[in-house]
$ cat data_36.txt   # compact mmCIF, C-alpha atoms and all ligand atoms
# COMPACT_ATOMS: atom_id res chain seq x y z
CA MET A 90 -9.01 -22.22 6.66
CA LYS A 91 -7.35 -19.10 5.33
CA VAL A 92 -7.66 -18.34 1.62
CA ILE A 93 -5.71 -15.62 -0.21
CA LEU A 94 -6.65 -14.67 -3.77
CA LEU A 95 -3.12 -14.11 -5.07
CA GLY A 96 -4.28 -13.31 -8.61
CA THR A 97 -7.70 -13.12 -10.27
CA ALA A 98 -7.10 -12.63 -14.02
CA ALA A 99 -7.14 -15.23 -16.79
CA GLY A 100 -4.06 -16.05 -18.86
CA GLY A 101 -2.31 -12.85 -19.96
CA GLY A 102 -3.41 -10.93 -16.88
CA PHE A 103 -5.05 -7.52 -16.84
CA PRO A 104 -3.97 -5.53 -18.72
CA GLN A 105 -2.59 -8.01 -21.23
CA TRP A 106 0.73 -6.89 -22.71
CA ASN A 107 -0.43 -7.04 -26.35
CA CYS A 108 -4.02 -5.86 -25.93
CA ALA A 109 -5.43 -2.39 -26.51
CA CYS A 110 -9.09 -3.28 -26.01
CA ALA A 111 -11.24 -0.69 -24.23
CA LEU A 112 -10.76 -2.26 -20.79
CA CYS A 113 -6.98 -2.79 -21.09
CA THR A 114 -6.63 0.81 -22.27
CA ARG A 115 -8.52 2.07 -19.22
CA CYS A 116 -6.32 -0.10 -16.99
CA HIS A 117 -3.17 1.35 -18.61
CA ARG A 118 -4.56 4.82 -17.81
CA GLY A 119 -5.00 3.83 -14.15
CA GLU A 120 -8.80 3.93 -14.29
CA LEU A 121 -9.26 0.23 -13.45
CA PRO A 122 -7.21 -1.92 -11.03
CA ALA A 123 -4.70 -4.30 -12.64
CA ARG A 124 -4.97 -8.01 -11.87
CA SER A 125 -2.30 -10.70 -11.98
CA GLN A 126 -2.86 -14.18 -13.38
CA GLU A 127 -5.06 -16.48 -11.37
CA SER A 128 -3.61 -18.28 -8.35
CA VAL A 129 -4.77 -18.89 -4.76
CA ALA A 130 -3.06 -19.80 -1.47
CA VAL A 131 -4.83 -21.87 1.21
CA SER A 132 -3.82 -22.90 4.74
CA GLY A 133 -5.47 -24.77 7.56
CA ASN A 134 -3.13 -23.53 10.28
CA GLY A 135 -1.66 -20.27 8.95
CA ARG A 136 1.84 -21.82 8.79
CA ASP A 137 1.66 -24.44 6.02
CA TRP A 138 0.43 -22.91 2.76
CA TRP A 139 -0.60 -24.59 -0.49
CA LEU A 140 -0.86 -22.89 -3.85
CA LEU A 141 -3.82 -23.60 -6.10
CA ASN A 142 -2.21 -23.28 -9.54
CA ALA A 143 1.11 -21.51 -10.02
CA SER A 144 0.87 -18.56 -12.38
CA PRO A 145 3.84 -16.93 -14.12
CA ASP A 146 3.17 -14.02 -11.71
CA ILE A 147 3.81 -16.19 -8.64
CA ARG A 148 6.99 -14.37 -7.58
CA THR A 149 5.30 -10.99 -7.19
CA GLN A 150 2.19 -12.66 -5.75
CA LEU A 151 4.22 -14.38 -3.01
CA LEU A 152 6.13 -11.18 -2.24
CA ALA A 153 2.84 -9.28 -1.89
CA ALA A 154 1.41 -11.70 0.72
CA PRO A 155 3.00 -11.29 4.19
CA ALA A 156 1.76 -14.75 5.27
CA LEU A 157 3.86 -16.36 2.53
CA ARG A 158 7.16 -14.72 3.38
CA PRO A 159 10.15 -17.03 3.95
CA GLY A 160 11.55 -17.88 7.40
CA PRO A 161 12.27 -18.43 10.22
CA GLY A 162 15.35 -20.27 8.89
CA PRO A 163 17.27 -18.62 6.03
CA ARG A 164 15.78 -20.95 3.38
CA ASP A 165 12.52 -21.89 5.10
CA THR A 166 9.26 -21.17 3.29
CA PRO A 167 5.67 -21.74 4.36
CA VAL A 168 4.89 -22.90 0.79
CA ARG A 169 4.45 -26.68 0.86
CA GLY A 170 3.40 -27.31 -2.71
CA VAL A 171 0.96 -26.76 -5.55
CA LEU A 172 -2.39 -28.23 -6.56
CA LEU A 173 -2.88 -27.95 -10.33
CA THR A 174 -6.38 -27.85 -11.83
CA ASP A 175 -5.00 -28.39 -15.35
CA ALA A 176 -1.85 -28.02 -17.46
CA GLU A 177 -2.55 -24.60 -19.01
CA LEU A 178 0.49 -22.33 -19.24
CA ASP A 179 -1.02 -19.63 -17.02
CA HIS A 180 -1.51 -22.23 -14.26
CA THR A 181 1.78 -24.13 -14.53
CA LEU A 182 4.59 -21.78 -15.62
CA GLY A 183 4.91 -20.55 -12.04
CA LEU A 184 6.42 -23.95 -11.20
CA ILE A 185 9.57 -22.79 -13.00
CA ILE A 186 9.68 -19.69 -10.80
CA LEU A 187 9.54 -21.98 -7.74
CA ARG A 188 12.50 -24.10 -8.99
CA GLY A 189 14.94 -25.07 -6.30
CA GLY A 190 12.29 -24.94 -3.58
CA THR A 191 12.98 -28.04 -1.49
CA ASP A 192 10.44 -30.63 -0.43
CA LEU A 193 7.60 -29.22 -2.51
CA THR A 194 4.75 -31.50 -3.56
CA VAL A 195 2.71 -31.14 -6.74
CA HIS A 196 -0.78 -32.65 -6.92
CA ALA A 197 -2.13 -33.07 -10.45
CA ALA A 198 -4.39 -35.35 -12.50
CA PRO A 199 -2.51 -38.04 -14.52
CA PRO A 200 -2.96 -36.38 -17.97
CA VAL A 201 -1.58 -33.11 -16.54
CA ARG A 202 1.44 -34.84 -15.08
CA GLU A 203 2.03 -36.68 -18.38
CA ALA A 204 1.84 -33.40 -20.32
CA LEU A 205 4.30 -31.80 -17.89
CA THR A 206 6.64 -34.76 -18.44
CA ALA A 207 6.43 -35.13 -22.25
CA ASP A 208 4.97 -32.05 -23.94
CA LEU A 209 5.98 -29.19 -21.62
CA PRO A 210 8.74 -31.08 -19.79
CA LEU A 211 8.78 -29.15 -16.52
CA HIS A 212 8.81 -32.27 -14.37
CA GLY A 213 12.27 -33.52 -15.34
CA LEU A 214 13.62 -29.99 -15.60
CA LEU A 215 12.53 -29.12 -12.06
CA ASP A 216 13.87 -32.40 -10.65
CA ARG A 217 17.35 -31.28 -11.73
CA TYR A 218 17.05 -28.30 -9.34
CA ALA A 219 15.43 -30.14 -6.41
CA PRO A 220 13.36 -33.32 -6.63
CA TRP A 221 9.72 -32.70 -5.83
CA GLY A 222 7.00 -35.15 -4.93
CA TRP A 223 4.38 -35.57 -7.67
CA HIS A 224 1.05 -37.09 -6.69
CA ASP A 225 -2.12 -38.13 -8.53
CA SER A 226 -4.72 -35.69 -7.23
CA THR A 227 -7.52 -37.91 -8.54
CA ALA A 228 -6.60 -41.03 -6.53
CA PRO A 229 -9.70 -42.45 -4.81
CA GLY A 230 -10.37 -41.19 -1.32
CA GLY A 231 -8.73 -37.80 -1.81
CA PHE A 232 -5.65 -36.62 0.06
CA ALA A 233 -4.58 -34.61 3.08
CA LEU A 234 -2.44 -31.48 3.10
CA ASP A 235 0.02 -30.51 5.84
CA GLY A 236 -1.72 -27.94 7.99
CA GLY A 237 -4.94 -29.92 8.44
CA LEU A 238 -6.84 -29.63 5.14
CA THR A 239 -8.46 -32.50 3.23
CA VAL A 240 -8.94 -32.44 -0.53
CA THR A 241 -10.92 -34.26 -3.19
CA ALA A 242 -10.52 -33.70 -6.95
CA HIS A 243 -13.49 -33.70 -9.31
CA PRO A 244 -13.07 -33.98 -13.10
CA VAL A 245 -14.87 -31.10 -14.82
CA SER A 246 -13.70 -31.21 -18.44
CA SER A 247 -11.48 -32.99 -20.94
CA LYS A 248 -10.14 -29.84 -22.63
CA ALA A 249 -6.42 -30.31 -23.27
CA PRO A 250 -4.01 -27.36 -23.48
CA LYS A 251 -3.24 -25.78 -26.86
CA PHE A 252 0.48 -26.57 -26.56
CA MET A 253 -0.13 -30.31 -26.83
CA GLY A 254 1.70 -31.51 -29.93
CA ARG A 255 -0.14 -34.85 -30.05
CA PRO A 256 -3.80 -35.80 -30.10
CA ALA A 257 -4.95 -35.45 -26.52
CA SER A 258 -6.74 -38.24 -24.72
CA ASP A 259 -10.34 -37.85 -23.64
CA ALA A 260 -9.14 -38.04 -20.04
CA PRO A 261 -10.06 -35.62 -17.23
CA TRP A 262 -7.63 -32.82 -18.09
CA VAL A 263 -9.34 -30.28 -15.88
CA VAL A 264 -10.44 -30.84 -12.29
CA ALA A 265 -12.11 -28.80 -9.58
CA TYR A 266 -10.92 -29.20 -5.99
CA ARG A 267 -13.00 -29.36 -2.84
CA ILE A 268 -10.81 -28.32 0.07
CA GLU A 269 -12.16 -28.75 3.58
CA ASP A 270 -10.95 -27.70 6.98
CA PRO A 271 -12.28 -30.48 9.26
CA ALA A 272 -11.65 -28.25 12.29
CA THR A 273 -14.15 -25.60 11.15
CA GLY A 274 -16.24 -27.50 8.61
CA GLY A 275 -15.49 -24.75 6.08
CA ALA A 276 -15.18 -26.06 2.53
CA LEU A 277 -13.95 -24.30 -0.60
CA VAL A 278 -14.76 -25.47 -4.11
CA TYR A 279 -12.11 -24.20 -6.50
CA ALA A 280 -13.09 -24.34 -10.18
CA PRO A 281 -11.33 -21.66 -12.25
CA CYS A 282 -11.83 -23.57 -15.54
CA LEU A 283 -15.30 -24.85 -16.41
CA ALA A 284 -16.17 -25.63 -20.02
CA ALA A 285 -19.77 -26.41 -19.07
CA TRP A 286 -21.72 -26.92 -15.84
CA PRO A 287 -20.47 -30.40 -14.89
CA ASP A 288 -22.63 -33.34 -13.88
CA GLY A 289 -22.65 -33.58 -10.10
CA PHE A 290 -21.43 -30.03 -9.60
CA ASP A 291 -24.61 -28.95 -7.82
CA GLU A 292 -24.11 -31.73 -5.26
CA LEU A 293 -20.51 -30.63 -4.78
CA LEU A 294 -21.59 -27.02 -4.16
CA ALA A 295 -24.35 -28.10 -1.78
CA SER A 296 -21.68 -29.37 0.64
CA ALA A 297 -19.45 -26.27 0.41
CA SER A 298 -19.35 -22.86 2.06
CA CYS A 299 -17.60 -20.95 -0.73
CA VAL A 300 -16.92 -21.39 -4.44
CA LEU A 301 -14.20 -19.73 -6.52
CA LEU A 302 -15.58 -20.06 -10.02
CA ASP A 303 -14.51 -19.55 -13.63
CA GLY A 304 -15.41 -15.95 -14.49
CA THR A 305 -13.29 -15.79 -17.65
CA PHE A 306 -16.03 -14.42 -19.90
CA PHE A 307 -19.15 -12.53 -18.93
CA SER A 308 -20.96 -13.19 -22.21
CA ALA A 309 -20.72 -15.87 -24.88
CA ASP A 310 -19.66 -13.49 -27.69
CA GLU A 311 -17.46 -11.18 -25.63
CA LEU A 312 -14.09 -12.08 -27.14
CA GLY A 313 -15.29 -11.45 -30.71
CA THR A 314 -16.86 -8.11 -29.74
CA ALA A 315 -13.96 -6.75 -27.65
CA VAL A 316 -11.01 -7.60 -29.86
CA ARG A 317 -12.72 -8.56 -33.16
CA SER A 318 -11.08 -11.97 -33.12
CA GLY A 319 -14.17 -13.82 -34.35
CA ASP A 320 -16.31 -15.39 -31.66
CA ALA A 321 -15.54 -18.99 -32.71
CA GLY A 322 -12.43 -18.82 -30.52
CA GLN A 323 -14.28 -18.33 -27.28
CA ALA A 324 -16.23 -21.57 -27.26
CA LEU A 325 -13.04 -23.42 -28.08
CA MET A 326 -11.29 -21.85 -25.11
CA GLY A 327 -13.40 -23.99 -22.83
CA HIS A 328 -14.97 -21.45 -20.51
CA LEU A 329 -18.64 -21.31 -19.57
CA PRO A 330 -19.82 -17.67 -19.66
CA VAL A 331 -21.20 -15.96 -16.55
CA SER A 332 -24.36 -14.52 -18.13
CA GLY A 333 -27.17 -15.93 -20.24
CA PRO A 334 -29.74 -18.65 -19.63
CA GLY A 335 -27.08 -21.37 -19.71
CA GLY A 336 -24.45 -19.29 -17.89
CA SER A 337 -22.93 -19.93 -14.49
CA LEU A 338 -24.69 -17.06 -12.70
CA ALA A 339 -28.09 -18.66 -13.37
CA ALA A 340 -26.77 -21.99 -12.08
CA LEU A 341 -25.28 -20.37 -8.95
CA ALA A 342 -28.72 -19.01 -8.09
CA ARG A 343 -29.55 -22.55 -6.97
CA HIS A 344 -27.00 -22.11 -4.14
CA PRO A 345 -27.97 -18.98 -2.21
CA HIS A 346 -26.32 -20.27 1.01
CA LEU A 347 -22.94 -20.28 -0.67
CA ARG A 348 -20.36 -17.49 -0.89
CA ARG A 349 -19.97 -17.23 -4.69
CA ILE A 350 -16.83 -15.52 -6.03
CA TYR A 351 -15.79 -15.18 -9.67
CA THR A 352 -12.10 -15.36 -10.58
CA HIS A 353 -9.94 -15.97 -13.69
CA LEU A 354 -11.33 -12.84 -15.42
CA ASN A 355 -10.29 -12.36 -19.04
CA ASN A 356 -9.09 -8.87 -20.01
CA THR A 357 -12.24 -8.44 -22.14
CA ASN A 358 -14.63 -9.11 -19.24
CA PRO A 359 -16.84 -6.13 -18.25
CA LEU A 360 -16.74 -7.42 -14.63
CA LEU A 361 -13.26 -5.85 -14.49
CA ASP A 362 -15.17 -2.57 -14.12
CA SER A 363 -17.25 -2.92 -10.96
CA SER A 364 -19.42 0.03 -12.03
CA SER A 365 -20.47 -1.68 -15.29
CA PRO A 366 -23.99 -3.09 -15.77
CA ALA A 367 -22.38 -6.55 -15.69
CA GLY A 368 -20.87 -5.79 -12.28
CA GLY A 369 -24.28 -4.64 -11.04
CA ALA A 370 -25.97 -7.78 -12.33
CA VAL A 371 -23.50 -10.07 -10.56
CA ARG A 372 -23.84 -8.17 -7.27
CA LYS A 373 -27.64 -8.22 -7.51
CA ALA A 374 -27.49 -12.01 -7.98
CA GLY A 375 -25.45 -12.32 -4.77
CA ALA A 376 -22.11 -13.17 -6.37
CA GLU A 377 -18.82 -11.31 -5.93
CA VAL A 378 -15.73 -10.18 -7.82
CA LEU A 379 -12.84 -9.42 -5.45
CA PRO A 380 -9.48 -7.71 -6.03
CA ASP A 381 -6.09 -9.43 -5.97
CA GLY A 382 -4.87 -9.95 -2.42
CA SER A 383 -8.34 -10.52 -0.92
CA GLU A 384 -8.40 -12.87 2.07
CA LEU A 385 -11.19 -15.18 3.20
CA THR A 386 -11.65 -17.27 6.34
CA LEU A 387 -13.73 -20.43 6.02
ZN ZN B 1 -6.18 -19.94 -17.00
ZN ZN B 2 -7.63 -6.23 -23.45

$ encode --input "data_36.txt" --output "structure tokens"
Amino acid sequence: MKVILLGTAAGGGFPQWNCACALCTRCHRGELPARSQESVAVSGNGRDWWLLNASPDIRTQLLAAPALRPGPGPRDTPVRGVLLTDAELDHTLGLIILRGGTDLTVHAAPPVREALTADLPLHGLLDRYAPWGWHDSTAPGGFALDGGLTVTAHPVSSKAPKFMGRPASDAPWVVAYRIEDPATGGALVYAPCLAAWPDGFDELLASASCVLLDGTFFSADELGTAVRSGDAGQALMGHLPVSGPGGSLAALARHPHLRRIYTHLNNTNPLLDSSSPAGGAVRKAGAEVLPDGSELTL
């Protein structure tokens, strides 16, 4: 299985257009590498590619990845579809950029599909360009992807997106995916949004070879400190911090066999600077932060 990290920043990207925090300012000056909004491409055969989330940056991300170029026919594309982990704008607005792509398939949990039909009505809008297949990613038994990959979805939180104009159900709004290449036995767990360490997640990681994990915030009070927004917002944003006794880095220490990669970095996260103490702590613990465009083989 080939994996390309198309983008590795949280919603807003790095730098964020309306942010002059210390890290964004250093990025504007060219001192830190910019990152586009989080999205991944996976393929079992190198010809059929699937996107994990579709960020508003998807056009430039696809153009930057030679494996995802169109052809050989004039309107052929190796992109077969999108697996959504949730309905957040930074993970779904890229679907609009892909409008008119023929024969694409979207895999999403039922609450996500309902939100994209009623509240952010992309589904009907996109069907007027070219009808796509929409599938329940949480159907029992999992599903197969063209190119030889098998997938199971695992509910990880019930945090609904902010744009919802109605009380959200307590349904599984956010899922993680386990994507396996039966030919190699390589398995990726993709979990860019984790509100807390989910029940059963250790068992899921025990059967994987690599995890792409929510690295939105390094510390629990980071958002309040970096942009003086008041730290109440961060807990409500539904992201488990990396550091601290209850953080994800401590939990990942239980899985030393696993390749552990943080993604979905918020523009306030000190991990954006690899020379920071936070960057050193993550490396020392055996986890990684990789730049946009990084490729893995599992
Ligand atoms: Zn996001
Ligand atoms: Zn910033």

$ atom_distance --input "data_36.txt" --atom1 "atom CA of A:Pro334" --atom2 "atom CA of A:Leu94"
28.3 Å

$ residues_near_ligand --input "data_36.txt" --ligand "ligand ZN 1 (chain B)" --cutoff "6 Å" --atoms "all atoms listed in the file" --output "list in words"
Ala99, Gly100, Asp179 and His180 of chain A

$ residues_near_ligand --input "data_36.txt" --ligand "ligand ZN 2 (chain B)" --cutoff "7 Å" --atoms "only C-alpha atoms and all ligand atoms" --output "ChimeraX atom specification"
/A:104-105,108-113,356-357

$ write_last_selection --input "data_36.txt" --atoms "C-alpha atoms" --output "CSV table (one decimal), in the frame of the given file"
chain,number,residue,atom,x,y,z
A,104,PRO,CA,-4.0,-5.5,-18.7
A,105,GLN,CA,-2.6,-8.0,-21.2
A,108,CYS,CA,-4.0,-5.9,-25.9
A,109,ALA,CA,-5.4,-2.4,-26.5
A,110,CYS,CA,-9.1,-3.3,-26.0
A,111,ALA,CA,-11.2,-0.7,-24.2
A,112,LEU,CA,-10.8,-2.3,-20.8
A,113,CYS,CA,-7.0,-2.8,-21.1
A,356,ASN,CA,-9.1,-8.9,-20.0
A,357,THR,CA,-12.2,-8.4,-22.1

$ closest_residue --input "data_36.txt" --among "A:Asp225, A:Asn107, A:Asn142, A:Gly382" --to "A:Leu182" --atoms "all atoms listed in the file"
A:Asn142

$ closest_residue --input "data_36.txt" --among "A:Thr181, A:Asn355, A:Thr386, A:Gln150" --to "A:Arg202" --atoms "all atoms listed in the file"
A:Thr181

$ closest_residue --input "data_36.txt" --among "A:Ala143, A:Val378, A:Ala295, A:Leu157" --to "A:Val195" --atoms "only C-alpha atoms"
A:Ala143

$ closest_residue --input "data_36.txt" --among "A:Ala156, A:Ala260, A:Val371, A:Val171" --to "A:Glu203" --atoms "all atoms listed in the file"
A:Ala260

$ closest_residue --input "data_36.txt" --among "A:Ser144, A:Thr191, A:Ser296, A:Thr239" --to "A:Pro271" --atoms "only C-alpha atoms"
A:Thr239

$ closest_residue --input "data_36.txt" --among "A:Ser383, A:Val264, A:Thr305, A:Leu152" --to "A:Leu361" --atoms "all atoms listed in the file"
A:Thr305

$ residues_around --input "data_36.txt" --residues "A:Gly231" --least-positions-apart "2" --cutoff "6 Å" --atoms "all atoms listed in the file" --output "PDB file with C-alpha atoms, keeping the file's coordinate frame"
ATOM      1  CA  PRO A 229      -9.700 -42.450  -4.810  1.00  0.00           C
ATOM      2  CA  VAL A 240      -8.940 -32.440  -0.530  1.00  0.00           C
ATOM      3  CA  THR A 241     -10.920 -34.260  -3.190  1.00  0.00           C
TER       4      THR A 241
END

$ residues_around --input "data_36.txt" --residues "A:Arg124" --least-positions-apart "2" --cutoff "8 Å" --atoms "only C-alpha atoms" --output "JSON, numbers by chain"
{"A": [96, 97, 98, 102, 103, 104, 122, 126, 380, 381]}

$ write_last_selection --input "data_36.txt" --atoms "C-alpha atoms" --output "PDB file, in the frame of the given file"
ATOM      1  CA  GLY A  96      -4.280 -13.310  -8.610  1.00  0.00           C
ATOM      2  CA  THR A  97      -7.700 -13.120 -10.270  1.00  0.00           C
ATOM      3  CA  ALA A  98      -7.100 -12.630 -14.020  1.00  0.00           C
ATOM      4  CA  GLY A 102      -3.410 -10.930 -16.880  1.00  0.00           C
ATOM      5  CA  PHE A 103      -5.050  -7.520 -16.840  1.00  0.00           C
ATOM      6  CA  PRO A 104      -3.970  -5.530 -18.720  1.00  0.00           C
ATOM      7  CA  PRO A 122      -7.210  -1.920 -11.030  1.00  0.00           C
ATOM      8  CA  GLN A 126      -2.860 -14.180 -13.380  1.00  0.00           C
ATOM      9  CA  PRO A 380      -9.480  -7.710  -6.030  1.00  0.00           C
ATOM     10  CA  ASP A 381      -6.090  -9.430  -5.970  1.00  0.00           C
TER      11      ASP A 381
END

$ atom_distance --input "data_36.txt" --atom1 "atom CA of A:Ser337" --atom2 "atom CA of A:Trp286"
7.2 Å

$ atom_distance --input "data_36.txt" --atom1 "atom CA of A:Pro155" --atom2 "atom CA of A:Gly237"
20.7 Å

$ residues_around --input "data_36.txt" --residues "A:Gly254" --least-positions-apart "3" --cutoff "10 Å" --atoms "only C-alpha atoms" --output "mmCIF file with C-alpha atoms, in the coordinates of the input"
data_model
loop_
_atom_site.group_PDB
_atom_site.id
_atom_site.type_symbol
_atom_site.label_atom_id
_atom_site.label_comp_id
_atom_site.auth_asym_id
_atom_site.auth_seq_id
_atom_site.Cartn_x
_atom_site.Cartn_y
_atom_site.Cartn_z
ATOM 1 C CA ALA A 204 1.840 -33.400 -20.320
ATOM 2 C CA ALA A 207 6.430 -35.130 -22.250
ATOM 3 C CA ASP A 208 4.970 -32.050 -23.940
ATOM 4 C CA LEU A 209 5.980 -29.190 -21.620
ATOM 5 C CA PRO A 250 -4.010 -27.360 -23.480
ATOM 6 C CA LYS A 251 -3.240 -25.780 -26.860
ATOM 7 C CA ALA A 257 -4.950 -35.450 -26.520
#

$ residues_near_point --input "data_36.txt" --point "(7.0, -23.1, 0.0)" --cutoff "8 Å" --atoms "only C-alpha atoms" --output "PyMOL selection string"
chain A and resi 138-139+157+159+165-170+190-191+193

$ residues_around --input "data_36.txt" --residues "A:Arg343" --least-positions-apart "4" --cutoff "10 Å" --atoms "only C-alpha atoms" --output "list in words"
Asp291, Leu294, Ala295, Leu338, Ala339 and Leu347 of chain A

$ decode --input "data_36.txt" --residues "stretch 245-257 of chain A" --atoms "N, CA, C and O atoms" --output "compact mmCIF listing (two decimals), in the first residue's frame"
# COMPACT_ATOMS: atom_id res chain seq x y z
N VAL A 245 -15.27 6.96 16.63
CA VAL A 245 -14.37 7.45 17.67
C VAL A 245 -14.94 8.63 18.46
O VAL A 245 -14.46 8.92 19.55
N SER A 246 -15.93 9.34 17.92
CA SER A 246 -16.56 10.39 18.74
C SER A 246 -17.88 10.81 18.13
O SER A 246 -18.18 10.52 16.97
N SER A 247 -18.68 11.51 18.94
CA SER A 247 -19.99 11.96 18.47
C SER A 247 -20.01 13.49 18.35
O SER A 247 -21.06 14.11 18.46
N LYS A 248 -18.84 14.08 18.12
CA LYS A 248 -18.78 15.54 17.97
C LYS A 248 -19.27 15.96 16.58
O LYS A 248 -18.68 15.62 15.57
N ALA A 249 -20.36 16.71 16.57
CA ALA A 249 -20.94 17.18 15.30
C ALA A 249 -20.27 18.48 14.88
O ALA A 249 -19.74 19.21 15.70
N PRO A 250 -20.29 18.79 13.56
CA PRO A 250 -19.66 20.04 13.12
C PRO A 250 -20.41 21.28 13.59
O PRO A 250 -21.62 21.25 13.81
N LYS A 251 -19.68 22.37 13.70
CA LYS A 251 -20.23 23.64 14.19
C LYS A 251 -21.32 24.19 13.27
O LYS A 251 -22.21 24.91 13.71
N PHE A 252 -21.25 23.86 11.97
CA PHE A 252 -22.22 24.44 11.04
C PHE A 252 -23.62 23.86 11.18
O PHE A 252 -24.58 24.38 10.60
N MET A 253 -23.77 22.79 11.95
CA MET A 253 -25.08 22.16 12.08
C MET A 253 -26.08 23.16 12.67
O MET A 253 -25.87 23.71 13.74
N GLY A 254 -27.18 23.38 11.96
CA GLY A 254 -28.16 24.33 12.42
C GLY A 254 -29.25 23.70 13.28
O GLY A 254 -30.22 24.35 13.65
N ARG A 255 -29.13 22.41 13.56
CA ARG A 255 -30.14 21.72 14.36
C ARG A 255 -29.40 20.90 15.42
O ARG A 255 -28.21 20.62 15.27
N PRO A 256 -30.11 20.56 16.49
CA PRO A 256 -29.45 19.73 17.51
C PRO A 256 -28.94 18.44 16.85
O PRO A 256 -29.69 17.78 16.14
N ALA A 257 -27.68 18.15 17.08
CA ALA A 257 -27.09 16.98 16.43
C ALA A 257 -27.40 15.73 17.24
O ALA A 257 -27.50 15.77 18.46
